[in-house]
Amino acid sequence: MTQAFAIAGEINIARFYWHIFDEFQAAPISDFAYVAGEVAAGITRALLACLVILILGVFFGVSLAYGPLFWLALILNSFVFASLAVGCAMHVRSHADQTLVVNFVITPMAFLGGTFFPLASLPDWGQKLLGLLPLTHAARLMRATAFGEAPGAGGYLLLGGIGLGCFLFAFLSVRRARE
Amino acid sequence: MIEVSGLEKSFGERAALAGVSFTVRAGEIYAYLGPNGAGKTTTIRILTGLSRRDGGTVRINGHDLDREPLACKALIGLVPQQTNLDADLSVEENLIVHGLLHHMERREISRKIGELLDYLEMGERRQAIVKNLPGRFRRFSISSLSATRWAGMWRSAATAISNSSCPASWPWPA
């Protein structure tokens, strides 16, 4: 999640400091192509970061199942947060604003999204509240598949739907950035 | 040919452009001058698709900017006011990215990069990382970026660079 979202910082640098974003907007490429490219970059970055952790895990003797469903959950989660990153990067007005989003949205989500503790230990209202976070569903899917369980399709569909929503948000935000 | 008619743009209450019209014919060199705040940058940003307009029409070589924005952009070479290079990439890598953005073939990109860097007397800087380039050479790179494509490349390159930073051996383009 954090690595996929980290492309927001790079997009901001490209917008505010290097002015490469203007170059992209002046080039004969569609907004869809731009968003797709940035999201693909975010997913790639996230997968590479995860790969490093998984390889380290192997050296430390961690033995988990990394089947196709595990990777699908990982890719969908990266898709959600890379798309969200592109959208957010179009709305912030400075690099400092971007840090606020990370501090108050992304970092708390990393701790509260069921990554470090099982949500079952929380009260009912807490579970429902944290169920609104996409990371909660991604963590549940990845944990289940890594332990060899087969989660239902619902979690994947939900994550994919949120991802498509975030992609649309990113696309509309890039169009709006021309104002 | 660039045809601009009745261009309008406001920022809040303030009108930056109020009915700007002009035509630039093919092969014509057109100087668009005015005092600070007159709307020169706003006009260029609209023509290049970086900003939206509130009114008026823009046609580039017969293509309507609203209906065929990509066709219009494919005909535009822009040297912006600010440095617009990826500082972590080399001169060559920046040019490759720019060529790909304009849908050039890789072989064509490589050939034109060679031609352009030779012309700019920057052949030995091809692999240099942009953030390590002296400021003077950054200007060359900016100019190069705008000029990797189509027949107008020499004109685009040379007119974008101030006389003070031109190598003495450069022929001024016809």
# chains A, B, ... in the order shown; residues from 1 in each chain; ligands from 1
call {"tool": "closest_atom_pairs", "arguments": {"of": "chain B", "to": "chain A", "cutoff": "7 Å", "atoms": "only C-alpha atoms", "output": "JSON lines"}}
result
{"residue": "B:Thr48", "atom": "CA", "partner": "A:Ala26", "partner_atom": "CA", "distance": 5.5}
{"residue": "B:Gly49", "atom": "CA", "partner": "A:Ala26", "partner_atom": "CA", "distance": 5.8}
{"residue": "B:Leu50", "atom": "CA", "partner": "A:Arg178", "partner_atom": "CA", "distance": 5.5}
{"residue": "B:Ser51", "atom": "CA", "partner": "A:Arg178", "partner_atom": "CA", "distance": 4.6}
{"residue": "B:Arg52", "atom": "CA", "partner": "A:Glu179", "partner_atom": "CA", "distance": 5.4}
{"residue": "B:Leu70", "atom": "CA", "partner": "A:Pro28", "partner_atom": "CA", "distance": 4.5}
{"residue": "B:Ala71", "atom": "CA", "partner": "A:Pro28", "partner_atom": "CA", "distance": 7.0}
{"residue": "B:Lys73", "atom": "CA", "partner": "A:Pro28", "partner_atom": "CA", "distance": 4.9}
{"residue": "B:Ala74", "atom": "CA", "partner": "A:Pro28", "partner_atom": "CA", "distance": 5.2}
{"residue": "B:Thr83", "atom": "CA", "partner": "A:Trp18", "partner_atom": "CA", "distance": 6.6}
{"residue": "B:Asn84", "atom": "CA", "partner": "A:His19", "partner_atom": "CA", "distance": 4.8}
{"residue": "B:Leu85", "atom": "CA", "partner": "A:Ile20", "partner_atom": "CA", "distance": 6.2}
{"residue": "B:Asp86", "atom": "CA", "partner": "A:Trp18", "partner_atom": "CA", "distance": 6.5}
{"residue": "B:Leu101", "atom": "CA", "partner": "A:Ala27", "partner_atom": "CA", "distance": 6.0}
{"residue": "B:His102", "atom": "CA", "partner": "A:Pro28", "partner_atom": "CA", "distance": 6.1}
call {"tool": "write_last_selection", "arguments": {"atoms": "N, CA and C atoms", "output": "PDB file, in the first residue's frame"}}
result
ATOM      1  N   THR B  48      -1.557  24.568 -26.079  1.00  0.00           N
ATOM      2  CA  THR B  48      -0.862  23.290 -25.920  1.00  0.00           C
ATOM      3  C   THR B  48      -1.650  22.300 -25.069  1.00  0.00           C
ATOM      4  N   GLY B  49      -2.854  22.668 -24.680  1.00  0.00           N
ATOM      5  CA  GLY B  49      -3.697  21.738 -23.933  1.00  0.00           C
ATOM      6  C   GLY B  49      -3.389  21.688 -22.449  1.00  0.00           C
ATOM      7  N   LEU B  50      -2.568  22.608 -21.947  1.00  0.00           N
ATOM      8  CA  LEU B  50      -2.235  22.602 -20.520  1.00  0.00           C
ATOM      9  C   LEU B  50      -3.311  23.285 -19.681  1.00  0.00           C
ATOM     10  N   SER B  51      -4.098  24.142 -20.297  1.00  0.00           N
ATOM     11  CA  SER B  51      -5.190  24.822 -19.594  1.00  0.00           C
ATOM     12  C   SER B  51      -6.444  24.785 -20.460  1.00  0.00           C
ATOM     13  N   ARG B  52      -7.571  24.856 -19.798  1.00  0.00           N
ATOM     14  CA  ARG B  52      -8.829  24.931 -20.532  1.00  0.00           C
ATOM     15  C   ARG B  52      -9.170  26.393 -20.757  1.00  0.00           C
ATOM     16  N   LEU B  70      -5.493  15.309 -29.424  1.00  0.00           N
ATOM     17  CA  LEU B  70      -4.242  14.579 -29.632  1.00  0.00           C
ATOM     18  C   LEU B  70      -3.628  14.912 -30.991  1.00  0.00           C
ATOM     19  N   ALA B  71      -4.493  15.096 -32.005  1.00  0.00           N
ATOM     20  CA  ALA B  71      -3.990  15.471 -33.338  1.00  0.00           C
ATOM     21  C   ALA B  71      -3.338  16.848 -33.274  1.00  0.00           C
ATOM     22  N   LYS B  73      -1.975  18.254 -30.523  1.00  0.00           N
ATOM     23  CA  LYS B  73      -0.745  18.172 -29.736  1.00  0.00           C
ATOM     24  C   LYS B  73       0.392  17.533 -30.517  1.00  0.00           C
ATOM     25  N   ALA B  74       0.027  16.626 -31.419  1.00  0.00           N
ATOM     26  CA  ALA B  74       1.064  15.961 -32.213  1.00  0.00           C
ATOM     27  C   ALA B  74       1.784  16.948 -33.129  1.00  0.00           C
ATOM     28  N   THR B  83      12.631  24.598 -16.645  1.00  0.00           N
ATOM     29  CA  THR B  83      13.274  23.340 -16.993  1.00  0.00           C
ATOM     30  C   THR B  83      12.278  22.204 -16.770  1.00  0.00           C
ATOM     31  N   ASN B  84      12.146  21.344 -17.752  1.00  0.00           N
ATOM     32  CA  ASN B  84      11.138  20.295 -17.634  1.00  0.00           C
ATOM     33  C   ASN B  84      11.739  18.923 -17.908  1.00  0.00           C
ATOM     34  N   LEU B  85      12.884  18.687 -17.324  1.00  0.00           N
ATOM     35  CA  LEU B  85      13.572  17.414 -17.538  1.00  0.00           C
ATOM     36  C   LEU B  85      13.505  16.556 -16.286  1.00  0.00           C
ATOM     37  N   ASP B  86      13.553  15.251 -16.497  1.00  0.00           N
ATOM     38  CA  ASP B  86      13.662  14.345 -15.353  1.00  0.00           C
ATOM     39  C   ASP B  86      15.120  14.341 -14.934  1.00  0.00           C
ATOM     40  N   LEU B 101       6.703   9.669 -26.020  1.00  0.00           N
ATOM     41  CA  LEU B 101       5.466  10.413 -25.782  1.00  0.00           C
ATOM     42  C   LEU B 101       4.850  10.899 -27.091  1.00  0.00           C
ATOM     43  N   HIS B 102       5.708  11.081 -28.080  1.00  0.00           N
ATOM     44  CA  HIS B 102       5.219  11.532 -29.385  1.00  0.00           C
ATOM     45  C   HIS B 102       5.118  10.379 -30.377  1.00  0.00           C
TER      46      HIS B 102
END
call {"tool": "residues_around", "arguments": {"residues": "A:Ala96", "least_positions_apart": "3", "cutoff": "12 Å", "atoms": "only C-alpha atoms", "output": "ChimeraX atom specification"}}
result
/A:8-9,12-13,16,89,92-93,99-103
call {"tool": "select_by_dssp", "arguments": {"residues": "stretch 10-148 of chain B", "states": "strand (DSSP E or B)", "output": "PyMOL selection string"}}
result
chain B and resi 10-11+14-24+55-60+63-64+90+129
call {"tool": "closest_residue", "arguments": {"among": "B:Asn94, B:Asn36, B:Asn61, B:Ser10", "to": "B:Val24", "atoms": "only C-alpha atoms"}}
result
B:Asn61
call {"tool": "residues_around", "arguments": {"residues": "stretch 152-163 of chain A", "least_positions_apart": "4", "cutoff": "12 Å", "atoms": "only C-alpha atoms", "output": "MDAnalysis selection string"}}
result
chainID A and resid 39 43 69:85 87 131:142 144:145 167:170
call {"tool": "residues_around", "arguments": {"residues": "B:Ala128", "least_positions_apart": "4", "cutoff": "8 Å", "atoms": "only C-alpha atoms", "output": "PyMOL selection string"}}
result
chain B and resi 90-91+132-133
call {"tool": "write_last_selection", "arguments": {"atoms": "N, CA and C atoms", "output": "compact mmCIF listing (two decimals), in the first residue's frame"}}
result
# COMPACT_ATOMS: atom_id res chain seq x y z
N SER B 90 19.36 10.44 -17.82
CA SER B 90 20.41 11.03 -18.65
C SER B 90 19.77 11.87 -19.75
N VAL B 91 20.62 12.61 -20.44
CA VAL B 91 20.15 13.41 -21.58
C VAL B 91 19.45 12.50 -22.59
N ASN B 132 23.40 16.65 -13.16
CA ASN B 132 24.83 16.98 -13.09
C ASN B 132 25.27 17.92 -14.19
N LEU B 133 24.33 18.27 -15.08
CA LEU B 133 24.70 19.15 -16.19
C LEU B 133 24.82 20.59 -15.71
call {"tool": "closest_residue", "arguments": {"among": "B:Ile76, B:Ala26, B:Val130, B:Val20", "to": "B:Thr43", "atoms": "only C-alpha atoms"}}
result
B:Val20
call {"tool": "closest_residue", "arguments": {"among": "B:Glu115, B:Glu121, B:Asp54, B:Glu92", "to": "B:Asp66", "atoms": "only C-alpha atoms"}}
result
B:Asp54
